[in-house]
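Engineer: My structure is below; once you've seen it, I'll send some questions.
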Amino acid sequence: MPKTAPFYSVNEASKPAEKRVHHDNSACATGREIPVNERRSGTNGYRLCLDCKERDDKGQ
Ligand SMILES: [Zn+2]
């Protein structure tokens with residue numbers, strides 16, 4: 001199940017540009033901490049979260 005449609009937190013906008021990330025893995029701990037009401041779908045041009053990338057690469 002884990003790989004999912006890309007999403008990001010509305011709070012990414014308050015971080016420095018190089019730290020903004022999006023998530024695309026439902027098992028990602030950071031992504032799971034984002035409350036549903038703060039999630040937006042898509043990448044918003046942000047890079048992929050490293051935890052999501054590792055999970056995607058391992059097929060988790
Ligand atoms: Zn993530």
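Just remember, in the structure tokens the first chain shown is A, the second B, etc., residues are 1-based per chain, and ligands are 1-based in the order shown.
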Select the residues contacting ligand 1 at a distance of at most 10 Å, based on only C-alpha atoms and all ligand atoms, then format the selection as number ranges by chain.

Structural biologist: A: 6-8, 21-33, 48-56

Engineer: Name the residues in contact with Ala17 in chain A at a cut-off of 12 Å, using only C-alpha atoms, excluding same-chain residues fewer than 2 positions from it; report them as a PDB file with all heavy atoms, in the first residue's frame.

Structural biologist:
ATOM      1  N   ASN A  11       2.396  23.845   6.040  1.00  0.00           N
ATOM      2  CA  ASN A  11       3.448  24.467   6.847  1.00  0.00           C
ATOM      3  C   ASN A  11       4.818  24.462   6.177  1.00  0.00           C
ATOM      4  O   ASN A  11       5.740  25.121   6.652  1.00  0.00           O
ATOM      5  CB  ASN A  11       3.546  23.785   8.206  1.00  0.00           C
ATOM      6  CG  ASN A  11       2.292  24.008   9.025  1.00  0.00           C
ATOM      7  OD1 ASN A  11       1.700  25.074   8.973  1.00  0.00           O
ATOM      8  ND2 ASN A  11       1.860  23.000   9.759  1.00  0.00           N
ATOM      9  N   GLU A  12       4.966  23.709   5.080  1.00  0.00           N
ATOM     10  CA  GLU A  12       6.255  23.718   4.372  1.00  0.00           C
ATOM     11  C   GLU A  12       6.602  25.137   3.932  1.00  0.00           C
ATOM     12  O   GLU A  12       7.767  25.512   3.852  1.00  0.00           O
ATOM     13  CB  GLU A  12       6.205  22.809   3.134  1.00  0.00           C
ATOM     14  CG  GLU A  12       6.077  21.334   3.444  1.00  0.00           C
ATOM     15  CD  GLU A  12       7.236  20.796   4.262  1.00  0.00           C
ATOM     16  OE1 GLU A  12       8.388  21.038   3.895  1.00  0.00           O
ATOM     17  OE2 GLU A  12       6.961  20.147   5.281  1.00  0.00           O
ATOM     18  N   ALA A  13       5.600  25.911   3.642  1.00  0.00           N
ATOM     19  CA  ALA A  13       5.835  27.271   3.140  1.00  0.00           C
ATOM     20  C   ALA A  13       6.577  28.139   4.150  1.00  0.00           C
ATOM     21  O   ALA A  13       7.213  29.126   3.775  1.00  0.00           O
ATOM     22  CB  ALA A  13       4.511  27.911   2.754  1.00  0.00           C
ATOM     23  N   SER A  14       6.527  27.760   5.435  1.00  0.00           N
ATOM     24  CA  SER A  14       7.201  28.566   6.451  1.00  0.00           C
ATOM     25  C   SER A  14       8.656  28.136   6.641  1.00  0.00           C
ATOM     26  O   SER A  14       9.389  28.746   7.412  1.00  0.00           O
ATOM     27  CB  SER A  14       6.446  28.464   7.781  1.00  0.00           C
ATOM     28  OG  SER A  14       6.504  27.152   8.268  1.00  0.00           O
ATOM     29  N   LYS A  15       9.088  27.089   5.932  1.00  0.00           N
ATOM     30  CA  LYS A  15      10.477  26.616   6.033  1.00  0.00           C
ATOM     31  C   LYS A  15      11.309  27.245   4.923  1.00  0.00           C
ATOM     32  O   LYS A  15      10.767  27.688   3.916  1.00  0.00           O
ATOM     33  CB  LYS A  15      10.524  25.099   5.856  1.00  0.00           C
ATOM     34  CG  LYS A  15       9.777  24.326   6.912  1.00  0.00           C
ATOM     35  CD  LYS A  15       9.964  22.854   6.629  1.00  0.00           C
ATOM     36  CE  LYS A  15       9.140  21.995   7.566  1.00  0.00           C
ATOM     37  NZ  LYS A  15       9.218  20.583   7.177  1.00  0.00           N
ATOM     38  N   LYS A  19      14.449  23.287   2.336  1.00  0.00           N
ATOM     39  CA  LYS A  19      13.985  22.258   3.286  1.00  0.00           C
ATOM     40  C   LYS A  19      12.564  21.800   3.015  1.00  0.00           C
ATOM     41  O   LYS A  19      12.055  20.903   3.678  1.00  0.00           O
ATOM     42  CB  LYS A  19      14.048  22.815   4.713  1.00  0.00           C
ATOM     43  CG  LYS A  19      15.452  23.175   5.095  1.00  0.00           C
ATOM     44  CD  LYS A  19      15.681  22.931   6.577  1.00  0.00           C
ATOM     45  CE  LYS A  19      17.166  22.907   6.858  1.00  0.00           C
ATOM     46  NZ  LYS A  19      17.498  23.037   8.237  1.00  0.00           N
ATOM     47  N   ARG A  20      11.912  22.411   2.072  1.00  0.00           N
ATOM     48  CA  ARG A  20      10.521  22.031   1.797  1.00  0.00           C
ATOM     49  C   ARG A  20      10.470  20.708   1.045  1.00  0.00           C
ATOM     50  O   ARG A  20      11.210  20.514   0.095  1.00  0.00           O
ATOM     51  CB  ARG A  20       9.843  23.122   0.971  1.00  0.00           C
ATOM     52  CG  ARG A  20       9.723  24.420   1.742  1.00  0.00           C
ATOM     53  CD  ARG A  20       9.204  25.538   0.862  1.00  0.00           C
ATOM     54  NE  ARG A  20       9.406  26.826   1.528  1.00  0.00           N
ATOM     55  CZ  ARG A  20       9.335  27.996   0.916  1.00  0.00           C
ATOM     56  NH1 ARG A  20       9.067  28.060  -0.365  1.00  0.00           N
ATOM     57  NH2 ARG A  20       9.546  29.102   1.590  1.00  0.00           N
ATOM     58  N   VAL A  21       9.602  19.837   1.499  1.00  0.00           N
ATOM     59  CA  VAL A  21       9.490  18.519   0.862  1.00  0.00           C
ATOM     60  C   VAL A  21       8.029  18.126   0.671  1.00  0.00           C
ATOM     61  O   VAL A  21       7.140  18.665   1.327  1.00  0.00           O
ATOM     62  CB  VAL A  21      10.174  17.417   1.709  1.00  0.00           C
ATOM     63  CG1 VAL A  21      11.668  17.648   1.815  1.00  0.00           C
ATOM     64  CG2 VAL A  21       9.546  17.329   3.094  1.00  0.00           C
ATOM     65  N   ASN A  44       3.673  20.595  -5.140  1.00  0.00           N
ATOM     66  CA  ASN A  44       3.883  22.039  -5.031  1.00  0.00           C
ATOM     67  C   ASN A  44       5.304  22.416  -5.463  1.00  0.00           C
ATOM     68  O   ASN A  44       5.817  23.446  -5.043  1.00  0.00           O
ATOM     69  CB  ASN A  44       3.608  22.527  -3.608  1.00  0.00           C
ATOM     70  CG  ASN A  44       3.091  23.968  -3.602  1.00  0.00           C
ATOM     71  OD1 ASN A  44       2.494  24.417  -4.577  1.00  0.00           O
ATOM     72  ND2 ASN A  44       3.320  24.693  -2.531  1.00  0.00           N
ATOM     73  N   GLY A  45       5.937  21.563  -6.240  1.00  0.00           N
ATOM     74  CA  GLY A  45       7.294  21.859  -6.695  1.00  0.00           C
ATOM     75  C   GLY A  45       8.372  21.523  -5.670  1.00  0.00           C
ATOM     76  O   GLY A  45       9.543  21.800  -5.895  1.00  0.00           O
ATOM     77  N   TYR A  46       7.984  20.918  -4.544  1.00  0.00           N
ATOM     78  CA  TYR A  46       8.952  20.564  -3.503  1.00  0.00           C
ATOM     79  C   TYR A  46       9.623  19.240  -3.864  1.00  0.00           C
ATOM     80  O   TYR A  46       9.043  18.415  -4.553  1.00  0.00           O
ATOM     81  CB  TYR A  46       8.266  20.399  -2.141  1.00  0.00           C
ATOM     82  CG  TYR A  46       7.522  21.611  -1.652  1.00  0.00           C
ATOM     83  CD1 TYR A  46       6.469  21.478  -0.750  1.00  0.00           C
ATOM     84  CD2 TYR A  46       7.874  22.890  -2.066  1.00  0.00           C
ATOM     85  CE1 TYR A  46       5.783  22.587  -0.279  1.00  0.00           C
ATOM     86  CE2 TYR A  46       7.193  24.004  -1.598  1.00  0.00           C
ATOM     87  CZ  TYR A  46       6.142  23.854  -0.701  1.00  0.00           C
ATOM     88  OH  TYR A  46       5.460  24.939  -0.232  1.00  0.00           O
ATOM     89  N   ARG A  47      10.851  19.048  -3.334  1.00  0.00           N
ATOM     90  CA  ARG A  47      11.524  17.775  -3.602  1.00  0.00           C
ATOM     91  C   ARG A  47      10.895  16.677  -2.745  1.00  0.00           C
ATOM     92  O   ARG A  47      10.200  16.964  -1.774  1.00  0.00           O
ATOM     93  CB  ARG A  47      13.028  17.902  -3.344  1.00  0.00           C
ATOM     94  CG  ARG A  47      13.379  18.124  -1.900  1.00  0.00           C
ATOM     95  CD  ARG A  47      14.890  18.312  -1.735  1.00  0.00           C
ATOM     96  NE  ARG A  47      15.185  18.672  -0.351  1.00  0.00           N
ATOM     97  CZ  ARG A  47      15.214  17.787   0.650  1.00  0.00           C
ATOM     98  NH1 ARG A  47      14.983  16.517   0.420  1.00  0.00           N
ATOM     99  NH2 ARG A  47      15.481  18.183   1.871  1.00  0.00           N
TER     100      ARG A  47
END

Engineer: Do you have the CA of Ile34 in chain A-CA of Pro16 in chain A distance handy?

Structural biologist: 18.0 Å

Engineer: Where does DSSP see strand (DSSP E) in chain A, if you list the residues as a list in words?

Structural biologist: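 The strand (DSSP E) residues within chain A come out as Lys3, Thr4, Ala5, Pro6, Phe7, Tyr8, Ser9, Val21, His22, His23, Asp24, Asn25, Arg39, Arg40, Ser41, Arg47 and Leu48 of chain A.
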
Engineer: Just the selected residues (all heavy atoms), exported as a short mmCIF file (atom, residue, chain, number, x, y, z; two decimals), in the first residue's frame, please.

Structural biologist:
data_model
loop_
_atom_site.label_atom_id
_atom_site.label_comp_id
_atom_site.auth_asym_id
_atom_site.auth_seq_id
_atom_site.Cartn_x
_atom_site.Cartn_y
_atom_site.Cartn_z
N LYS A 3 3.09 3.37 -1.23
CA LYS A 3 3.22 4.48 -2.17
C LYS A 3 1.85 5.07 -2.43
O LYS A 3 0.89 4.36 -2.70
CB LYS A 3 3.87 4.02 -3.47
CG LYS A 3 4.16 5.20 -4.38
CD LYS A 3 5.58 5.21 -4.88
CE LYS A 3 5.88 6.57 -5.48
NZ LYS A 3 6.59 6.46 -6.75
N THR A 4 1.76 6.37 -2.32
CA THR A 4 0.46 7.02 -2.43
C THR A 4 0.57 8.27 -3.28
O THR A 4 1.66 8.63 -3.73
CB THR A 4 -0.06 7.34 -1.01
OG1 THR A 4 -1.38 7.83 -1.09
CG2 THR A 4 0.81 8.38 -0.31
N ALA A 5 -0.53 8.93 -3.51
CA ALA A 5 -0.50 10.17 -4.29
C ALA A 5 0.30 11.22 -3.52
O ALA A 5 0.23 11.28 -2.29
CB ALA A 5 -1.92 10.65 -4.52
N PRO A 6 1.08 12.03 -4.21
CA PRO A 6 1.90 13.02 -3.52
C PRO A 6 1.08 14.03 -2.72
O PRO A 6 -0.01 14.41 -3.13
CB PRO A 6 2.67 13.70 -4.66
CG PRO A 6 2.00 13.34 -5.91
CD PRO A 6 1.24 12.07 -5.67
N PHE A 7 1.62 14.40 -1.58
CA PHE A 7 0.97 15.41 -0.75
C PHE A 7 2.04 16.18 0.00
O PHE A 7 3.19 15.75 0.10
CB PHE A 7 -0.04 14.77 0.22
CG PHE A 7 0.59 13.87 1.26
CD1 PHE A 7 0.90 14.37 2.53
CD2 PHE A 7 0.86 12.54 0.98
CE1 PHE A 7 1.47 13.54 3.50
CE2 PHE A 7 1.44 11.72 1.94
CZ PHE A 7 1.74 12.22 3.20
N TYR A 8 1.67 17.32 0.54
CA TYR A 8 2.61 18.14 1.31
C TYR A 8 1.83 18.87 2.39
O TYR A 8 0.60 18.91 2.36
CB TYR A 8 3.37 19.13 0.41
CG TYR A 8 2.48 20.15 -0.27
CD1 TYR A 8 2.29 21.42 0.30
CD2 TYR A 8 1.81 19.83 -1.44
CE1 TYR A 8 1.46 22.35 -0.31
CE2 TYR A 8 0.98 20.76 -2.05
CZ TYR A 8 0.80 22.02 -1.48
OH TYR A 8 -0.02 22.93 -2.08
N SER A 9 2.58 19.44 3.35
CA SER A 9 1.95 20.19 4.43
C SER A 9 1.91 21.67 4.07
O SER A 9 2.86 22.20 3.50
CB SER A 9 2.76 20.00 5.71
OG SER A 9 2.39 20.97 6.67
N VAL A 21 9.60 19.84 1.50
CA VAL A 21 9.49 18.52 0.86
C VAL A 21 8.03 18.13 0.67
O VAL A 21 7.14 18.67 1.33
CB VAL A 21 10.17 17.42 1.71
CG1 VAL A 21 11.67 17.65 1.81
CG2 VAL A 21 9.55 17.33 3.09
N HIS A 22 7.84 17.19 -0.21
CA HIS A 22 6.51 16.57 -0.32
C HIS A 22 6.70 15.08 0.01
O HIS A 22 7.83 14.59 0.06
CB HIS A 22 5.90 16.77 -1.72
CG HIS A 22 6.49 15.90 -2.78
ND1 HIS A 22 7.59 16.26 -3.53
CD2 HIS A 22 6.13 14.67 -3.23
CE1 HIS A 22 7.87 15.30 -4.40
NE2 HIS A 22 7.01 14.31 -4.24
N HIS A 23 5.62 14.40 0.24
CA HIS A 23 5.66 12.98 0.59
C HIS A 23 4.84 12.19 -0.42
O HIS A 23 3.87 12.71 -0.99
CB HIS A 23 5.07 12.77 2.00
CG HIS A 23 5.74 13.61 3.03
ND1 HIS A 23 6.86 13.19 3.72
CD2 HIS A 23 5.46 14.84 3.49
CE1 HIS A 23 7.24 14.14 4.55
NE2 HIS A 23 6.41 15.16 4.44
N ASP A 24 5.21 10.94 -0.61
CA ASP A 24 4.39 10.09 -1.48
C ASP A 24 4.37 8.65 -0.96
O ASP A 24 4.14 7.72 -1.71
CB ASP A 24 4.84 10.17 -2.94
CG ASP A 24 6.15 9.45 -3.19
OD1 ASP A 24 6.79 9.01 -2.22
OD2 ASP A 24 6.54 9.34 -4.37
N ASN A 25 4.63 8.51 0.34
CA ASN A 25 4.61 7.17 0.92
C ASN A 25 3.82 7.23 2.23
O ASN A 25 4.16 7.98 3.14
CB ASN A 25 6.04 6.68 1.18
CG ASN A 25 6.09 5.21 1.48
OD1 ASN A 25 5.48 4.76 2.45
ND2 ASN A 25 6.77 4.46 0.66
N ARG A 39 -2.93 18.97 5.05
CA ARG A 39 -2.39 18.33 3.85
C ARG A 39 -2.98 18.93 2.59
O ARG A 39 -4.15 19.29 2.56
CB ARG A 39 -2.74 16.83 3.84
CG ARG A 39 -2.04 16.07 4.91
CD ARG A 39 -2.36 14.60 4.76
NE ARG A 39 -1.83 13.87 5.91
CZ ARG A 39 -1.50 12.60 5.90
NH1 ARG A 39 -1.67 11.90 4.80
NH2 ARG A 39 -1.02 12.05 6.97
N ARG A 40 -2.14 19.01 1.60
CA ARG A 40 -2.60 19.42 0.28
C ARG A 40 -2.08 18.40 -0.71
O ARG A 40 -0.98 17.89 -0.53
CB ARG A 40 -2.06 20.81 -0.10
CG ARG A 40 -2.54 21.93 0.83
CD ARG A 40 -4.05 22.17 0.71
NE ARG A 40 -4.49 23.23 1.60
CZ ARG A 40 -4.90 23.04 2.86
NH1 ARG A 40 -4.92 21.82 3.36
NH2 ARG A 40 -5.28 24.05 3.60
N SER A 41 -2.84 18.09 -1.75
CA SER A 41 -2.34 17.12 -2.70
C SER A 41 -1.44 17.77 -3.74
O SER A 41 -1.54 18.96 -4.01
CB SER A 41 -3.47 16.35 -3.38
OG SER A 41 -4.56 17.16 -3.57
N ARG A 47 10.85 19.05 -3.33
CA ARG A 47 11.52 17.77 -3.60
C ARG A 47 10.89 16.68 -2.75
O ARG A 47 10.20 16.96 -1.77
CB ARG A 47 13.03 17.90 -3.34
CG ARG A 47 13.38 18.12 -1.90
CD ARG A 47 14.89 18.31 -1.74
NE ARG A 47 15.19 18.67 -0.35
CZ ARG A 47 15.21 17.79 0.65
NH1 ARG A 47 14.98 16.52 0.42
NH2 ARG A 47 15.48 18.18 1.87
N LEU A 48 11.19 15.43 -3.13
CA LEU A 48 10.64 14.30 -2.38
C LEU A 48 11.36 14.11 -1.06
O LEU A 48 12.59 14.18 -1.00
CB LEU A 48 10.76 13.03 -3.24
CG LEU A 48 10.26 11.73 -2.61
CD1 LEU A 48 8.78 11.82 -2.29
CD2 LEU A 48 10.53 10.57 -3.54
#

Engineer: Pick out each residue of chain A that DSSP on the backbone tags as alpha helix (DSSP H); I need them as a list in words.

Structural biologist: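 So, restricting chain A to alpha helix (DSSP H), we get Ala29, Thr30, Gly31, Arg32, Leu50, Asp51, Cys52, Lys53, Glu54, Arg55, Asp56, Asp57 and Lys58 of chain A.
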
Engineer: Print the selection's residues with N, CA, C and O atoms to a file, as a short mmCIF file (atom, residue, chain, number, x, y, z; two decimals), in the first residue's frame.

Structural biologist:
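Listed below is the output, selection_34.cif:
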data_model
loop_
_atom_site.label_atom_id
_atom_site.label_comp_id
_atom_site.auth_asym_id
_atom_site.auth_seq_id
_atom_site.Cartn_x
_atom_site.Cartn_y
_atom_site.Cartn_z
N ALA A 29 7.01 8.43 8.48
CA ALA A 29 6.66 8.97 9.80
C ALA A 29 6.39 10.47 9.74
O ALA A 29 5.45 10.96 10.37
N THR A 30 7.22 11.19 9.01
CA THR A 30 7.02 12.64 8.92
C THR A 30 5.70 12.97 8.23
O THR A 30 4.94 13.82 8.68
N GLY A 31 5.44 12.25 7.16
CA GLY A 31 4.20 12.49 6.43
C GLY A 31 2.98 12.16 7.28
O GLY A 31 1.96 12.85 7.23
N ARG A 32 3.12 11.10 8.09
CA ARG A 32 1.98 10.69 8.93
C ARG A 32 1.66 11.70 10.01
O ARG A 32 0.55 11.72 10.54
N LEU A 50 13.21 12.43 1.96
CA LEU A 50 14.19 11.34 1.90
C LEU A 50 13.64 10.03 2.47
O LEU A 50 13.94 8.96 1.97
N ASP A 51 12.86 10.12 3.52
CA ASP A 51 12.28 8.91 4.11
C ASP A 51 11.34 8.26 3.10
O ASP A 51 11.35 7.04 2.91
N CYS A 52 10.54 9.07 2.44
CA CYS A 52 9.64 8.52 1.41
C CYS A 52 10.46 7.88 0.29
O CYS A 52 10.14 6.80 -0.19
N LYS A 53 11.52 8.55 -0.12
CA LYS A 53 12.34 8.04 -1.22
C LYS A 53 12.92 6.68 -0.87
O LYS A 53 12.88 5.75 -1.66
N GLU A 54 13.46 6.56 0.35
CA GLU A 54 14.03 5.28 0.77
C GLU A 54 12.98 4.18 0.78
O GLU A 54 13.22 3.06 0.36
N ARG A 55 11.80 4.51 1.30
CA ARG A 55 10.73 3.52 1.36
C ARG A 55 10.28 3.13 -0.04
O ARG A 55 10.04 1.95 -0.32
N ASP A 56 10.18 4.13 -0.91
CA ASP A 56 9.77 3.84 -2.29
C ASP A 56 10.79 2.93 -2.95
O ASP A 56 10.44 1.97 -3.64
N ASP A 57 12.09 3.24 -2.75
CA ASP A 57 13.16 2.46 -3.37
C ASP A 57 13.16 1.02 -2.90
O ASP A 57 13.51 0.10 -3.63
N LYS A 58 12.78 0.82 -1.63
CA LYS A 58 12.75 -0.54 -1.06
C LYS A 58 11.42 -1.23 -1.29
O LYS A 58 11.24 -2.37 -0.88
#
